[in-house]
>>> print(open('final-v6.cif').read())   # mmCIF, C-alpha atoms
data_protein
loop_
_atom_site.label_atom_id
_atom_site.label_comp_id
_atom_site.auth_asym_id
_atom_site.auth_seq_id
_atom_site.Cartn_x
_atom_site.Cartn_y
_atom_site.Cartn_z
CA MET A 11 16.41 -6.62 -105.50
CA LYS A 12 12.68 -6.41 -105.58
CA ASP A 13 10.82 -3.12 -106.05
CA ASN A 14 9.52 -3.05 -102.52
CA GLU A 15 12.83 -3.77 -100.90
CA VAL A 16 15.07 -1.06 -99.50
CA ALA A 17 18.74 -1.20 -100.22
CA GLU A 18 21.06 -1.57 -97.32
CA VAL A 19 22.56 1.73 -96.30
CA GLN A 20 26.33 1.62 -96.26
CA PRO A 21 28.12 3.74 -93.65
CA PRO A 22 30.32 6.53 -95.01
CA PRO A 23 34.02 5.84 -95.17
CA VAL A 24 36.00 6.95 -92.15
CA ILE A 25 39.38 8.64 -92.67
CA LEU A 26 42.00 7.68 -90.15
CA TYR A 27 44.02 10.62 -88.77
CA PRO A 28 47.30 10.04 -87.05
CA GLN A 29 46.55 9.38 -83.41
CA SER A 30 48.17 7.86 -80.45
CA GLN A 31 47.52 4.30 -79.50
CA ASP A 32 45.39 5.32 -76.51
CA GLN A 33 43.12 7.44 -78.63
CA SER A 34 42.61 4.63 -81.18
CA HIS A 35 41.43 2.30 -78.48
CA ASN A 36 39.03 4.80 -76.89
CA ASN A 37 37.52 6.02 -80.13
CA GLY A 38 34.85 3.94 -81.81
CA ALA A 39 35.53 5.48 -85.15
CA GLY A 40 39.13 4.52 -84.90
CA HIS A 41 38.18 0.98 -84.03
CA TYR A 42 35.90 0.82 -87.02
CA SER A 43 38.45 2.27 -89.34
CA GLN A 44 40.90 -0.50 -88.64
CA SER A 45 38.68 -2.95 -90.42
CA ASN A 46 38.16 -0.65 -93.41
CA PRO A 47 40.73 -1.22 -96.12
CA ALA A 48 39.86 2.13 -97.81
CA THR A 49 41.52 4.14 -95.06
CA ARG A 50 44.75 6.03 -96.01
CA PRO A 51 46.81 8.67 -94.23
CA ILE A 52 46.72 12.33 -95.23
CA GLU A 53 49.73 13.49 -97.18
CA PRO A 54 51.40 16.83 -96.22
CA PRO A 55 50.88 19.71 -98.67
CA PRO A 56 53.61 20.16 -101.24
CA GLN A 57 56.25 22.80 -100.37
CA ARG A 58 57.66 25.35 -102.74
CA PRO A 59 61.38 25.09 -103.34
CA ILE A 60 63.50 27.70 -101.57
CA GLU A 61 64.92 30.18 -104.03
CA PRO A 62 68.45 31.44 -103.45
CA PRO A 63 68.72 35.17 -102.65
CA ARG A 64 69.03 37.45 -105.61
CA ARG A 65 72.40 38.95 -106.15
CA GLU A 66 73.02 42.15 -107.95
CA PRO A 67 75.11 41.89 -111.04
CA SER A 68 78.67 43.04 -110.67
CA ASN A 69 78.18 45.41 -113.59
CA PRO A 70 74.55 46.58 -113.51
CA ASP A 71 73.05 48.14 -116.59
CA PRO A 72 73.13 51.94 -116.10
CA ARG A 73 69.87 52.24 -117.99
CA TYR A 74 68.08 50.36 -115.23
CA PRO A 75 69.28 51.60 -111.82
CA PRO A 76 68.49 49.30 -108.89
CA ARG A 77 65.60 50.16 -106.65
CA TYR A 78 65.84 49.72 -102.93
CA ASP A 79 63.07 49.35 -100.44
CA PRO A 80 63.54 52.17 -97.87
CA ARG A 81 62.27 49.85 -95.14
CA PHE A 82 65.21 47.50 -95.64
CA PRO A 83 68.60 49.19 -95.89
CA VAL A 84 71.21 47.60 -98.08
CA PRO A 85 73.93 46.10 -95.87
CA ARG A 86 76.73 47.51 -97.99
CA TYR A 87 75.45 51.05 -97.53
CA SER A 88 74.87 51.54 -93.84
CA GLY A 89 73.26 54.61 -92.34
CA HIS A 90 70.82 55.27 -95.23
CA THR A 91 67.36 53.87 -95.85
CA ASP A 92 66.36 56.03 -98.79
CA GLY A 93 68.36 54.24 -101.44
CA ARG A 94 71.26 56.67 -101.60
CA LEU A 95 74.48 54.97 -102.55
CA ASN A 96 77.00 56.43 -100.15
CA PRO A 97 80.00 54.55 -98.82
CA ALA A 98 79.56 52.91 -95.47
CA GLN A 99 80.28 55.31 -92.63
CA PRO A 100 80.29 54.78 -88.87
CA GLU A 101 76.93 55.46 -87.34
CA ASN A 102 76.72 58.75 -85.46
CA ARG A 103 73.39 59.23 -83.82
CA TYR A 104 74.35 62.19 -81.66
CA PRO A 105 76.13 65.38 -82.78
CA VAL A 106 79.67 65.65 -81.56
CA THR A 107 80.70 69.01 -80.14
CA PRO A 108 84.27 69.85 -81.11
CA GLN A 109 86.58 70.40 -78.22
CA ARG A 110 87.52 74.02 -77.74
CA ARG A 111 90.52 75.19 -75.95
CA PRO A 112 89.84 77.82 -73.29
CA ASN A 113 90.86 81.32 -74.14
CA PRO A 114 94.21 82.31 -72.71
CA PRO A 115 93.89 84.37 -69.54
CA VAL A 116 93.88 88.10 -70.10
CA PRO A 117 96.77 89.65 -68.20
CA GLN A 118 95.50 91.92 -65.46
CA PRO A 119 97.42 95.03 -64.46
CA ALA A 120 99.13 94.81 -61.13
CA GLY A 121 97.36 96.65 -58.34
CA HIS A 122 98.78 99.97 -57.25
CA VAL A 123 100.77 99.94 -54.01
CA HIS A 124 101.16 103.14 -52.01
CA THR A 125 104.84 103.93 -51.66
CA SER A 126 104.52 106.78 -49.16
CA GLY A 127 101.66 105.75 -46.89
CA PRO A 128 97.88 106.15 -47.35
CA GLY A 129 96.48 108.91 -49.54
CA LEU A 130 93.85 109.85 -52.13
CA HIS A 131 94.95 109.99 -55.76
CA LEU A 132 94.27 112.95 -58.05
CA ILE A 133 94.88 111.87 -61.66
CA ALA A 134 93.98 113.30 -65.08
CA LEU A 135 92.09 111.54 -67.88
CA ASN A 136 94.26 110.40 -70.78
CA ALA A 137 92.81 112.99 -73.19
CA PRO A 138 91.28 116.47 -72.94
CA GLN A 139 87.48 116.84 -73.00
CA THR A 140 85.01 119.47 -74.17
CA GLY A 141 82.12 120.57 -71.97
CA ASN A 142 79.99 117.77 -73.44
CA MET A 143 80.98 114.70 -71.41
CA ARG A 144 77.52 113.09 -71.53
CA GLY A 145 76.77 114.42 -68.10
CA ILE A 146 78.51 113.85 -64.81
CA ARG A 147 77.92 110.11 -65.12
CA GLY A 148 79.77 110.02 -68.41
CA ALA A 149 82.75 111.78 -66.85
CA ASP A 150 82.65 109.48 -63.80
CA PHE A 151 82.64 106.44 -66.06
CA LEU A 152 85.75 107.63 -67.88
CA CYS A 153 87.50 107.99 -64.53
CA PHE A 154 86.41 104.53 -63.43
CA GLN A 155 87.37 102.88 -66.71
CA GLN A 156 90.83 104.37 -66.96
CA ALA A 157 91.60 103.72 -63.30
CA ARG A 158 90.75 100.03 -63.69
CA ALA A 159 92.91 99.82 -66.80
CA VAL A 160 96.05 100.64 -64.77
CA GLY A 161 95.15 98.51 -61.74
CA LEU A 162 93.73 101.20 -59.44
CA LYS A 163 90.93 99.55 -57.45
CA GLY A 164 89.56 102.60 -55.64
CA THR A 165 86.47 104.54 -56.71
CA PHE A 166 87.40 107.50 -58.87
CA ARG A 167 85.01 110.39 -59.55
CA ALA A 168 85.35 113.35 -61.87
CA PHE A 169 86.71 116.54 -60.24
CA LEU A 170 83.53 118.44 -61.20
CA SER A 171 80.47 120.09 -59.68
CA SER A 172 77.13 119.40 -61.31
CA LYS A 173 73.42 119.91 -60.82
CA LEU A 174 73.09 117.46 -57.94
CA GLN A 175 76.69 117.37 -56.77
CA ASP A 176 79.11 119.77 -55.09
CA LEU A 177 82.77 119.13 -55.75
CA TYR A 178 83.55 119.34 -52.04
CA SER A 179 81.15 116.45 -51.17
CA ILE A 180 82.73 113.88 -53.50
CA VAL A 181 85.29 112.61 -50.97
CA ARG A 182 84.03 110.59 -48.02
CA LYS A 183 83.63 112.74 -44.96
CA SER A 184 85.93 110.66 -42.76
CA ASP A 185 88.78 111.01 -45.28
CA ARG A 186 88.58 114.76 -45.96
CA ASP A 187 91.01 116.09 -43.35
CA ASN A 188 93.35 113.22 -42.45
CA LEU A 189 94.64 111.93 -45.81
CA PRO A 190 96.95 113.72 -48.25
CA ILE A 191 96.05 114.19 -51.92
CA VAL A 192 98.75 112.55 -54.05
CA ASN A 193 99.52 112.09 -57.75
CA LEU A 194 99.93 108.80 -59.62
CA LYS A 195 103.44 108.35 -58.20
CA ASP A 196 102.26 109.08 -54.65
CA GLN A 197 103.85 112.55 -54.53
CA VAL A 198 101.88 114.90 -52.29
CA LEU A 199 99.89 117.64 -54.04
CA PHE A 200 97.79 118.81 -51.04
CA SER A 201 98.01 118.04 -47.35
CA SER A 202 94.31 117.07 -47.29
CA TRP A 203 91.06 117.36 -49.23
CA GLU A 204 90.01 120.23 -46.99
CA SER A 205 93.11 122.22 -47.97
CA VAL A 206 92.04 122.17 -51.63
CA PHE A 207 89.15 124.50 -50.77
CA SER A 208 91.08 127.08 -48.78
CA ASP A 209 91.11 130.76 -49.68
CA ASN A 210 94.13 130.41 -51.95
CA GLY A 211 92.05 128.83 -54.78
CA GLY A 212 93.40 125.34 -54.46
CA LYS A 213 97.09 126.12 -54.57
CA MET A 214 99.18 122.97 -55.23
CA ARG A 215 102.62 122.28 -53.88
CA ASP A 216 105.37 123.67 -56.07
CA ASN A 217 107.17 121.44 -58.55
CA THR A 218 104.76 118.54 -58.05
CA PRO A 219 103.33 117.36 -61.39
CA ILE A 220 99.90 115.93 -62.11
CA TYR A 221 100.00 112.75 -64.18
CA SER A 222 97.44 111.13 -66.43
CA PHE A 223 96.35 107.53 -65.90
CA ASP A 224 98.84 106.41 -68.55
CA GLY A 225 101.69 108.18 -66.73
CA ARG A 226 102.19 111.42 -68.69
CA ASP A 227 102.89 114.80 -67.13
CA ILE A 228 99.95 116.91 -68.31
CA LEU A 229 101.86 120.18 -67.91
CA ARG A 230 104.62 119.02 -70.24
CA ASP A 231 102.88 116.67 -72.66
CA SER A 232 101.60 118.10 -75.94
CA ALA A 233 98.40 116.00 -75.79
CA TRP A 234 96.99 118.81 -73.64
CA PRO A 235 97.71 122.02 -75.54
CA GLU A 236 95.61 124.03 -73.10
CA LYS A 237 96.91 123.67 -69.54
CA ILE A 238 93.47 124.42 -68.12
CA VAL A 239 91.27 122.18 -65.98
CA TRP A 240 87.44 122.06 -65.86
CA HIS A 241 85.75 122.21 -62.41
CA GLY A 242 82.44 124.22 -62.49
CA SER A 243 82.81 125.12 -58.80
CA SER A 244 83.34 128.02 -56.49
CA ILE A 245 86.52 128.33 -54.44
CA LYS A 246 84.74 126.46 -51.63
CA GLY A 247 83.75 123.60 -53.91
CA HIS A 248 80.07 124.49 -54.43
CA ARG A 249 78.29 124.12 -57.76
CA GLN A 250 77.89 127.14 -60.01
CA THR A 251 74.65 126.52 -61.87
CA ASP A 252 75.36 128.93 -64.70
CA ASN A 253 78.91 127.75 -65.29
CA TYR A 254 79.04 123.98 -65.67
CA CYS A 255 78.23 123.57 -69.39
CA GLU A 256 74.61 122.66 -68.71
CA THR A 257 75.53 119.80 -66.39
CA TRP A 258 78.42 118.86 -68.66
CA ARG A 259 76.20 118.02 -71.61
CA ALA A 260 76.88 121.03 -73.85
CA GLY A 261 79.84 121.63 -76.14
CA ASP A 262 78.58 124.85 -77.71
CA ARG A 263 80.68 127.96 -77.97
CA ALA A 264 77.89 130.10 -76.49
CA VAL A 265 77.70 128.04 -73.28
CA THR A 266 80.31 128.51 -70.57
CA GLY A 267 81.85 126.60 -67.68
CA LEU A 268 84.29 127.46 -64.92
CA ALA A 269 87.90 126.39 -65.39
CA SER A 270 91.33 127.08 -63.89
CA SER A 271 94.80 127.51 -65.39
CA LEU A 272 97.35 125.07 -64.02
CA GLN A 273 100.11 127.46 -65.03
CA THR A 274 99.27 129.40 -61.86
CA GLY A 275 99.38 126.22 -59.76
CA GLN A 276 95.70 126.56 -58.77
CA LEU A 277 92.83 124.13 -59.29
CA LEU A 278 89.89 126.42 -58.52
CA GLN A 279 90.70 129.64 -60.32
CA GLN A 280 87.43 131.28 -61.37
CA THR A 281 87.75 131.64 -65.14
CA SER A 282 84.69 131.36 -67.41
CA SER A 283 85.47 129.47 -70.64
CA SER A 284 83.56 128.33 -73.71
CA CYS A 285 82.26 124.76 -73.45
CA SER A 286 83.57 124.04 -76.95
CA SER A 287 87.14 124.14 -75.59
CA SER A 288 89.02 120.93 -74.85
CA TYR A 289 90.48 121.07 -71.36
CA ILE A 290 91.94 118.76 -68.72
CA VAL A 291 89.56 116.68 -66.59
CA LEU A 292 90.83 115.44 -63.22
CA CYS A 293 89.64 112.39 -61.29
CA ILE A 294 89.75 112.12 -57.49
CA GLU A 295 89.75 108.91 -55.45
CA ASN A 296 86.79 109.43 -53.15
CA SER A 297 87.86 107.12 -50.29
CA TYR A 298 90.92 105.29 -49.13
CA ILE A 299 91.03 101.51 -49.46
CA THR A 300 93.76 99.55 -47.70
CA HIS A 301 96.01 97.34 -49.81
CA SER A 302 94.51 94.16 -48.32
CA LYS A 303 91.03 95.15 -49.60
CA LYS A 304 92.35 96.09 -53.01
#
>>> encode(input="final-v6.cif", output="structure tokens")
Amino acid sequence: MKDNEVAEVQPPPVILYPQSQDQSHNNGAGHYSQSNPATRPIEPPPQRPIEPPRREPSNPDPRYPPRYDPRFPVPRYSGHTDGRLNPAQPENRYPVTPQRRPNPPVPQPAGHVHTSGPGLHLIALNAPQTGNMRGIRGADFLCFQQARAVGLKGTFRAFLSSKLQDLYSIVRKSDRDNLPIVNLKDQVLFSSWESVFSDNGGKMRDNTPIYSFDGRDILRDSAWPEKIVWHGSSIKGHRQTDNYCETWRAGDRAVTGLASSLQTGQLLQQTSSSCSSSYIVLCIENSYITHSKK
């Protein structure tokens, strides 16, 4: 080749990629590559051999404890992802509440049934009380509680006058003159509530006992050594402001309240006694409730 001649430019080699027959006919490069013996197909990249999964030795060296990835729990130890080696246990996502048997029903006392017709009950508390009964409400609550304990469903109030209450007004007005006053066993003590406040000081019928809520005769039982009943009232059932143990909140010897000796058979005898004494407290049913309502 002479100095002023230019060498013929050779076209670059064309690499043939796998194509369909249609593409090879429509592509000029493909057509040209068929006549070029330097063309060769591309070989796929070499692949790494697949390694078998690692297995833990049956007897691992205790000096080198195995480490577990918390993201991938070990199949043999289900339920834990923190590497703890606990035996497989069934999965329990939700807490299970143990079944509890219902408590056995508490036996309720049978309701009281009047054996001698309608009447209002006059019953004593199960223990004597000093003049400090936590007020008239405290005494009323004792009457209510002990009446319910023996199945009496009526409303029982303490047989006491207080600052805002006259003894006479405790019983409902419509029941004061047409219902007898009876004891726990339905034996008649007075012909009516009105007859309690007559001029004879609340004289009871002879040989008719007064029972406590638990069925004891208070005139014969030794639980009441003093056969005296608190009332704090006049003969007509009105409050006596200086003689009701400071509204039944005082148990001091210097304070006094009106009481009556049952040995005379009277409920409203006017005897002033020290409020530190433990005497009988009566409860009166303030209205009559038919058996169907009870």
>>> atom_distance(input="final-v6.cif", atom1="CA of Gln279 (chain A)", atom2="CA of Leu162 (chain A)")
28.6 Å
>>> closest_residue(input="final-v6.cif", among="A:Pro55, A:Pro219, A:Gly129, A:Gly212", to="Ser243 (chain A)", atoms="only C-alpha atoms")
A:Gly212
>>> resolve_selection(input="final-v6.cif", expression="the PyMOL selection byres ((chain A and resi 214) around 12)", output="PyMOL selection string")
chain A and resi 132+190-193+197-203+205-208+210-213+215-220+271-279
>>> resolve_selection(input="final-v6.cif", expression="the PyMOL selection byres ((chain A and resi 253-265) around 8)", output="list in words")
Thr140, Gly141, Asn142, Met143, Arg144, Gly145, Ile146, Ser171, Ser172, Lys173, His241, Gly242, Ser243, Arg249, Gln250, Thr251, Asp252, Thr266, Gly267, Leu268, Ser282, Ser284, Cys285, Ser286 and Ser287 of chain A
>>> atom_distance(input="final-v6.cif", atom1="CA of Ala137 (chain A)", atom2="CA of Glu295 (chain A)")
18.5 Å
>>> residues_near_point(input="final-v6.cif", point="(86.6, 104.2, -62.0)", cutoff="10 Å", atoms="only C-alpha atoms", output="compact mmCIF listing (two decimals) with C-alpha atoms, keeping the file's coordinate frame")
# COMPACT_ATOMS: atom_id res chain seq x y z
CA ALA A 149 82.75 111.78 -66.85
CA ASP A 150 82.65 109.48 -63.80
CA PHE A 151 82.64 106.44 -66.06
CA LEU A 152 85.75 107.63 -67.88
CA CYS A 153 87.50 107.99 -64.53
CA PHE A 154 86.41 104.53 -63.43
CA GLN A 155 87.37 102.88 -66.71
CA GLN A 156 90.83 104.37 -66.96
CA ALA A 157 91.60 103.72 -63.30
CA ARG A 158 90.75 100.03 -63.69
CA ALA A 159 92.91 99.82 -66.80
CA LEU A 162 93.73 101.20 -59.44
CA LYS A 163 90.93 99.55 -57.45
CA GLY A 164 89.56 102.60 -55.64
CA THR A 165 86.47 104.54 -56.71
CA PHE A 166 87.40 107.50 -58.87
CA ARG A 167 85.01 110.39 -59.55
CA ALA A 168 85.35 113.35 -61.87
CA CYS A 293 89.64 112.39 -61.29
CA ILE A 294 89.75 112.12 -57.49
CA GLU A 295 89.75 108.91 -55.45
>>> atom_distance(input="final-v6.cif", atom1="CA of Arg230 (chain A)", atom2="CA of Ser270 (chain A)")
16.8 Å
>>> axis_aligned_box(input="final-v6.cif", around="region 282-287 of chain A", padding_each_side="8 Å", output="JSON")
{"center_x": 84.7, "center_y": 127.7, "center_z": -72.2, "size_x": 20.9, "size_y": 23.3, "size_z": 25.5}
>>> closest_residue(input="final-v6.cif", among="A:Val160, A:Lys246, A:Val181, A:Arg147", to="Ser297 (chain A)", atoms="all atoms listed in the file")
A:Val181
>>> resolve_selection(input="final-v6.cif", expression="the PyMOL selection byres ((chain A and resi 231) around 12)", output="ChimeraX atom specification")
/A:136-138,219-222,224-230,232-237,290
>>> closest_residue(input="final-v6.cif", among="A:Ile299, A:Ala269, A:Arg111, A:Pro54", to="Phe169 (chain A)", atoms="all atoms listed in the file")
A:Ala269
>>> closest_residue(input="final-v6.cif", among="A:Arg81, A:His248, A:Lys183, A:Lys195", to="Ile133 (chain A)", atoms="all atoms listed in the file")
A:Lys195
